[in-house]
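Okay, target-v1.cif now, which holds mmCIF, C-alpha atoms and all ligand atoms:
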```
data_protein
#
loop_
_atom_site.group_PDB
_atom_site.id
_atom_site.type_symbol
_atom_site.label_atom_id
_atom_site.label_comp_id
_atom_site.auth_asym_id
_atom_site.auth_seq_id
_atom_site.Cartn_x
_atom_site.Cartn_y
_atom_site.Cartn_z
ATOM 1 C CA MET Q 222 -1.210 -4.385 -2.022
ATOM 2 C CA THR Q 223 -1.496 -0.663 -2.573
ATOM 3 C CA TYR Q 224 0.116 2.109 -0.645
ATOM 4 C CA ASP Q 225 -2.464 4.809 -0.921
ATOM 5 C CA PHE Q 226 -1.900 7.266 1.861
ATOM 6 C CA LYS Q 227 -4.226 10.194 1.842
ATOM 7 C CA ILE Q 228 -3.277 12.195 4.841
ATOM 8 C CA ALA Q 229 -5.190 15.441 5.086
ATOM 9 C CA ALA Q 230 -5.524 16.702 8.598
ATOM 10 C CA ALA Q 231 -6.940 19.998 9.735
ATOM 11 C CA ASP Q 232 -4.096 20.785 12.109
ATOM 12 C CA LYS Q 233 -0.381 20.113 12.033
ATOM 13 C CA ALA Q 234 -0.275 18.006 15.185
ATOM 14 C CA THR Q 235 -2.786 15.568 13.683
ATOM 15 C CA LEU Q 236 -1.088 15.690 10.295
ATOM 16 C CA TYR Q 237 2.269 14.700 11.764
ATOM 17 C CA ARG Q 238 0.696 12.061 14.009
ATOM 18 C CA ASP Q 239 -0.949 10.459 10.945
ATOM 19 C CA LEU Q 240 2.249 10.845 8.930
ATOM 20 C CA ALA Q 241 4.313 9.218 11.678
ATOM 21 C CA SER Q 242 1.947 6.273 11.906
ATOM 22 C CA ALA Q 243 1.903 5.827 8.104
ATOM 23 C CA LEU Q 244 5.715 5.970 8.055
ATOM 24 C CA LYS Q 245 5.952 3.426 10.854
ATOM 25 C CA GLY Q 246 3.653 1.107 8.936
ATOM 26 C CA LEU Q 247 5.781 1.462 5.798
ATOM 27 C CA VAL Q 248 9.181 0.818 7.338
ATOM 28 C CA THR Q 249 8.483 -1.547 10.221
ATOM 29 C CA GLY Q 250 9.983 -4.954 9.579
ATOM 30 C CA GLU Q 251 11.899 -3.850 6.478
ATOM 31 C CA PRO Q 252 15.661 -3.982 7.060
ATOM 32 C CA ASP Q 253 16.719 -2.392 3.759
ATOM 33 C CA ALA Q 254 17.804 1.193 4.394
ATOM 34 C CA VAL Q 255 17.545 2.323 0.752
ATOM 35 C CA ALA Q 256 13.985 1.021 0.456
ATOM 36 C CA ASN Q 257 13.023 2.745 3.696
ATOM 37 C CA MET Q 258 14.585 6.088 2.719
ATOM 38 C CA ALA Q 259 12.924 5.916 -0.712
ATOM 39 C CA ASN Q 260 9.466 5.249 0.694
ATOM 40 C CA ALA Q 261 9.918 7.838 3.444
ATOM 41 C CA ALA Q 262 10.907 10.525 0.930
ATOM 42 C CA ALA Q 263 7.881 9.705 -1.255
ATOM 43 C CA LEU Q 264 5.456 9.681 1.671
ATOM 44 C CA ILE Q 265 6.695 12.944 3.190
ATOM 45 C CA TYR Q 266 6.815 14.669 -0.211
ATOM 46 C CA GLU Q 267 3.263 13.612 -0.994
ATOM 47 C CA THR Q 268 1.904 14.579 2.416
ATOM 48 C CA LEU Q 269 3.429 17.964 3.222
ATOM 49 C CA ASP Q 270 2.216 21.093 1.472
ATOM 50 C CA ASP Q 271 4.602 23.522 -0.171
ATOM 51 C CA VAL Q 272 7.670 21.322 -0.354
ATOM 52 C CA ASN Q 273 9.853 21.006 -3.442
ATOM 53 C CA TRP Q 274 12.541 18.603 -2.199
ATOM 54 C CA VAL Q 275 12.507 15.842 0.414
ATOM 55 C CA GLY Q 276 15.381 13.443 0.832
ATOM 56 C CA PHE Q 277 18.389 12.036 2.544
ATOM 57 C CA TYR Q 278 22.090 12.635 2.696
ATOM 58 C CA ARG Q 279 23.975 9.693 4.207
ATOM 59 C CA ASN Q 280 27.103 9.891 6.297
ATOM 60 C CA VAL Q 281 29.597 7.973 4.181
ATOM 61 C CA GLY Q 282 32.950 8.093 5.921
ATOM 62 C CA GLY Q 283 32.486 11.612 7.247
ATOM 63 C CA GLU Q 284 31.038 13.090 4.074
ATOM 64 C CA LEU Q 285 27.359 13.561 3.216
ATOM 65 C CA VAL Q 286 26.387 11.655 0.079
ATOM 66 C CA LEU Q 287 23.017 12.013 -1.652
ATOM 67 C CA GLY Q 288 20.491 9.293 -0.894
ATOM 68 C CA PRO Q 289 16.905 8.613 -1.982
ATOM 69 C CA PHE Q 290 14.849 11.752 -2.546
ATOM 70 C CA GLN Q 291 11.889 13.349 -4.308
ATOM 71 C CA GLY Q 292 12.389 16.567 -6.221
ATOM 72 C CA ARG Q 293 14.933 17.897 -8.660
ATOM 73 C CA ALA Q 294 18.347 16.316 -9.106
ATOM 74 C CA ALA Q 295 20.601 17.591 -6.314
ATOM 75 C CA CYS Q 296 24.233 18.060 -5.301
ATOM 76 C CA ILE Q 297 25.782 14.681 -4.646
ATOM 77 C CA ARG Q 298 28.435 15.328 -1.987
ATOM 78 C CA ILE Q 299 28.329 17.831 0.874
ATOM 79 C CA GLN Q 300 31.121 18.273 3.422
ATOM 80 C CA PHE Q 301 30.330 18.483 7.126
ATOM 81 C CA GLY Q 302 29.990 22.144 8.018
ATOM 82 C CA GLU Q 303 29.002 23.092 4.480
ATOM 83 C CA GLY Q 304 25.545 24.565 3.868
ATOM 84 C CA VAL Q 305 22.462 23.729 5.890
ATOM 85 C CA CYS Q 306 22.839 19.947 5.617
ATOM 86 C CA GLY Q 307 26.518 20.116 6.548
ATOM 87 C CA ALA Q 308 25.681 22.301 9.566
ATOM 88 C CA ALA Q 309 23.123 19.731 10.758
ATOM 89 C CA ALA Q 310 25.680 16.947 10.322
ATOM 90 C CA GLN Q 311 28.457 18.815 12.096
ATOM 91 C CA THR Q 312 26.439 20.167 15.022
ATOM 92 C CA ARG Q 313 23.944 17.286 15.205
ATOM 93 C CA GLN Q 314 21.322 19.962 15.776
ATOM 94 C CA VAL Q 315 18.154 20.529 13.774
ATOM 95 C CA GLN Q 316 18.574 23.395 11.316
ATOM 96 C CA ARG Q 317 15.288 25.209 10.733
ATOM 97 C CA ILE Q 318 16.055 28.016 8.323
ATOM 98 C CA LYS Q 319 13.465 30.665 7.450
ATOM 99 C CA ASP Q 320 15.451 32.107 4.552
ATOM 100 C CA VAL Q 321 18.108 29.876 3.081
ATOM 101 C CA HIS Q 322 19.562 32.751 1.063
ATOM 102 C CA ALA Q 323 20.608 34.377 4.330
ATOM 103 C CA PHE Q 324 22.349 31.199 5.549
ATOM 104 C CA PRO Q 325 26.134 31.407 5.156
ATOM 105 C CA GLY Q 326 27.360 28.804 2.670
ATOM 106 C CA HIS Q 327 23.897 27.643 1.685
ATOM 107 C CA ILE Q 328 24.088 25.298 -1.286
ATOM 108 C CA ALA Q 329 21.412 26.182 -3.813
ATOM 109 C CA CYS Q 330 20.562 22.910 -5.520
ATOM 110 C CA ASP Q 331 17.155 24.133 -6.601
ATOM 111 C CA SER Q 332 16.751 27.889 -6.928
ATOM 112 C CA ALA Q 333 13.071 27.496 -6.017
ATOM 113 C CA SER Q 334 13.996 26.655 -2.396
ATOM 114 C CA ASN Q 335 13.540 29.492 0.088
ATOM 115 C CA SER Q 336 13.241 27.777 3.454
ATOM 116 C CA GLU Q 337 14.481 24.468 4.748
ATOM 117 C CA ILE Q 338 14.564 22.062 7.689
ATOM 118 C CA VAL Q 339 17.347 19.531 8.151
ATOM 119 C CA VAL Q 340 17.241 16.943 10.912
ATOM 120 C CA PRO Q 341 20.204 14.752 11.890
ATOM 121 C CA LEU Q 342 19.554 11.015 11.992
ATOM 122 C CA ILE Q 343 21.369 9.535 14.966
ATOM 123 C CA ARG Q 344 21.379 5.985 16.301
ATOM 124 C CA ASP Q 345 23.419 4.862 19.314
ATOM 125 C CA GLY Q 346 25.493 8.024 19.139
ATOM 126 C CA GLU Q 347 26.312 7.495 15.464
ATOM 127 C CA LEU Q 348 25.309 10.022 12.803
ATOM 128 C CA LEU Q 349 23.642 8.014 10.013
ATOM 129 C CA GLY Q 350 22.857 11.016 7.842
ATOM 130 C CA VAL Q 351 20.345 13.832 7.600
ATOM 131 C CA LEU Q 352 16.770 14.263 6.422
ATOM 132 C CA ASP Q 353 16.412 17.443 4.353
ATOM 133 C CA ILE Q 354 13.079 19.092 3.484
ATOM 134 C CA ASP Q 355 13.001 22.214 1.288
ATOM 135 C CA SER Q 356 10.194 24.639 0.521
ATOM 136 C CA PRO Q 357 9.646 27.384 -2.025
ATOM 137 C CA LYS Q 358 7.800 29.308 0.721
ATOM 138 C CA HIS Q 359 9.686 31.607 3.071
ATOM 139 C CA ALA Q 360 9.560 30.471 6.723
ATOM 140 C CA ARG Q 361 7.551 27.371 5.766
ATOM 141 C CA PHE Q 362 8.664 25.342 8.807
ATOM 142 C CA THR Q 363 7.345 26.193 12.274
ATOM 143 C CA GLU Q 364 8.187 24.755 15.668
ATOM 144 C CA GLU Q 365 5.298 22.344 15.144
ATOM 145 C CA ASP Q 366 6.842 21.162 11.897
ATOM 146 C CA GLU Q 367 10.130 20.705 13.702
ATOM 147 C CA ALA Q 368 8.526 18.554 16.399
ATOM 148 C CA GLY Q 369 6.758 16.498 13.714
ATOM 149 C CA VAL Q 370 9.849 16.018 11.564
ATOM 150 C CA VAL Q 371 11.958 15.099 14.613
ATOM 151 C CA ARG Q 372 9.399 12.385 15.381
ATOM 152 C CA LEU Q 373 9.766 11.104 11.805
ATOM 153 C CA SER Q 374 13.546 11.131 12.157
ATOM 154 C CA GLU Q 375 13.310 9.028 15.337
ATOM 155 C CA ILE Q 376 11.285 6.406 13.467
ATOM 156 C CA LEU Q 377 13.766 6.486 10.586
ATOM 157 C CA SER Q 378 16.884 6.258 12.733
ATOM 158 C CA GLY Q 379 15.703 2.860 13.890
ATOM 159 C CA VAL Q 380 15.450 1.451 10.369
ATOM 160 C CA LEU Q 381 18.445 2.884 8.496
HETATM 161 N N1 LIG C 1 20.193 23.316 0.469
HETATM 162 C C1 LIG C 1 21.018 22.309 0.998
HETATM 163 C C2 LIG C 1 21.666 21.484 -0.058
HETATM 164 C C3 LIG C 1 20.906 20.281 -0.385
HETATM 165 S S1 LIG C 1 19.656 20.571 -1.398
HETATM 166 O O1 LIG C 1 18.776 21.602 -0.972
HETATM 167 C C4 LIG C 1 18.848 19.238 -1.846
HETATM 168 C C5 LIG C 1 22.071 22.843 1.939
HETATM 169 O O2 LIG C 1 22.499 23.999 1.891
HETATM 170 O O3 LIG C 1 22.492 22.040 2.757
#
```
Kindly transcribe the structure held in the file into structure tokens.
Ligand code: SME
Amino acid sequence: MTYDFKIAAADKATLYRDLASALKGLVTGEPDAVANMANAAALIYETLDDVNWVGFYRNVGGELVLGPFQGRAACIRIQFGEGVCGAAAQTRQVQRIKDVHAFPGHIACDSASNSEIVVPLIRDGELLGVLDIDSPKHARFTEEDEAGVVRLSEILSGVL
């Protein structure tokens, strides 16, 4: 069996629809959270343009701890309220940041990152962790990206 996803859509709505259906196919029926995060990070990283880091921080006893990712080695532990990921964890709100250097307390794991979107992963009122996507491009993530990534996070929350 090969997992050869070539998702190349003309518009973002179609791109995210195809990405969501590929992700669903990959994770459905698999109960292992690490396997699902690993495959999700690989699929998203391969599919989206202009991204340099895609991965997960898990809520481990009220602290964010690095999970499966694609990109350069990253900071391992992030406190709630710290940086963009910590803000998403604390507020449980999507953080879509046009210029990370202007974000108070931003943690620069990879100096190539200029914009970022972080989506909280919530199931039954419990914060499981966050999905973090970084880009070297300023203002890489639009409202359409946000809607698409939120859809991915809903699929993921069910299988983590
Ligand atoms: N930039 C993030 C830290 C995580 S790394 O980018 C992988 C932040 O400020 O939350």
Tell me which protein, DNA and RNA residues are within 10 Å of Q:Ile265, counting only C-alpha atoms, leaving out same-chain ones fewer than 2 positions away, and put them as a PyMOL selection string. chain Q and resi 237+240-241+243-244+260-263+267-270+272+274-276+291+354+370+373
Resulting file, chosen residues, C-alpha atoms, as a short mmCIF file (atom, residue, chain, number, x, y, z; two decimals), keeping the file's coordinate frame:
```
data_model
loop_
_atom_site.label_atom_id
_atom_site.label_comp_id
_atom_site.auth_asym_id
_atom_site.auth_seq_id
_atom_site.Cartn_x
_atom_site.Cartn_y
_atom_site.Cartn_z
CA TYR Q 237 2.27 14.70 11.76
CA LEU Q 240 2.25 10.84 8.93
CA ALA Q 241 4.31 9.22 11.68
CA ALA Q 243 1.90 5.83 8.10
CA LEU Q 244 5.72 5.97 8.06
CA ASN Q 260 9.47 5.25 0.69
CA ALA Q 261 9.92 7.84 3.44
CA ALA Q 262 10.91 10.52 0.93
CA ALA Q 263 7.88 9.70 -1.25
CA GLU Q 267 3.26 13.61 -0.99
CA THR Q 268 1.90 14.58 2.42
CA LEU Q 269 3.43 17.96 3.22
CA ASP Q 270 2.22 21.09 1.47
CA VAL Q 272 7.67 21.32 -0.35
CA TRP Q 274 12.54 18.60 -2.20
CA VAL Q 275 12.51 15.84 0.41
CA GLY Q 276 15.38 13.44 0.83
CA GLN Q 291 11.89 13.35 -4.31
CA ILE Q 354 13.08 19.09 3.48
CA VAL Q 370 9.85 16.02 11.56
CA LEU Q 373 9.77 11.10 11.80
#
```
One-decimal distance in Å that lies between atom CA of Q:Leu287 and atom CA of Q:Ala259: 11.8 Å
Selection as a ChimeraX atom specification: residues within 10 Å of ligand LIG 1 (chain C) by all atoms listed in the file: /Q:273-278,285,287,290-310,316,318,321-322,324-339,351-356
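Counting from atom CA of Q:Ala230, the distance to atom CA of Q:Glu375 is 21.4 Å.
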Mind checking which residues fall within 12 Å of Q:Leu348, counting all atoms listed in the file, ignoring those fewer than 2 positions away in the same chain, and posting them as a PyMOL selection string? chain Q and resi 278-285+301+307+309-314+340-346+350-352+374+378+381
Report as a ChimeraX atom specification the full result of the PyMOL selection byres (((chain Q and resi 364) around 12) and not hetatm) when it is applied to this structure. /Q:233-234,315-319,338,360-363,365-371
Pull C-alpha atoms from the residues just selected and write them as a PDB file, in the frame of the given file.
```pdb
ATOM      1  CA  LYS Q 233      -0.381  20.113  12.033  1.00  0.00           C
ATOM      2  CA  ALA Q 234      -0.275  18.006  15.185  1.00  0.00           C
ATOM      3  CA  VAL Q 315      18.154  20.529  13.774  1.00  0.00           C
ATOM      4  CA  GLN Q 316      18.574  23.395  11.316  1.00  0.00           C
ATOM      5  CA  ARG Q 317      15.288  25.209  10.733  1.00  0.00           C
ATOM      6  CA  ILE Q 318      16.055  28.016   8.323  1.00  0.00           C
ATOM      7  CA  LYS Q 319      13.465  30.665   7.450  1.00  0.00           C
ATOM      8  CA  ILE Q 338      14.564  22.062   7.689  1.00  0.00           C
ATOM      9  CA  ALA Q 360       9.560  30.471   6.723  1.00  0.00           C
ATOM     10  CA  ARG Q 361       7.551  27.371   5.766  1.00  0.00           C
ATOM     11  CA  PHE Q 362       8.664  25.342   8.807  1.00  0.00           C
ATOM     12  CA  THR Q 363       7.345  26.193  12.274  1.00  0.00           C
ATOM     13  CA  GLU Q 365       5.298  22.344  15.144  1.00  0.00           C
ATOM     14  CA  ASP Q 366       6.842  21.162  11.897  1.00  0.00           C
ATOM     15  CA  GLU Q 367      10.130  20.705  13.702  1.00  0.00           C
ATOM     16  CA  ALA Q 368       8.526  18.554  16.399  1.00  0.00           C
ATOM     17  CA  GLY Q 369       6.758  16.498  13.714  1.00  0.00           C
ATOM     18  CA  VAL Q 370       9.849  16.018  11.564  1.00  0.00           C
ATOM     19  CA  VAL Q 371      11.958  15.099  14.613  1.00  0.00           C
TER      20      VAL Q 371
END
```
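For the pair atom CA of Q:Met258 and atom CA of Q:Pro289, the interatomic distance is 5.8 Å.
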Pick from Q:Asp253, Q:Leu264, Q:His359, Q:Asp271: nearest to Q:Ile228, with all atoms listed in the file counted? Q:Leu264
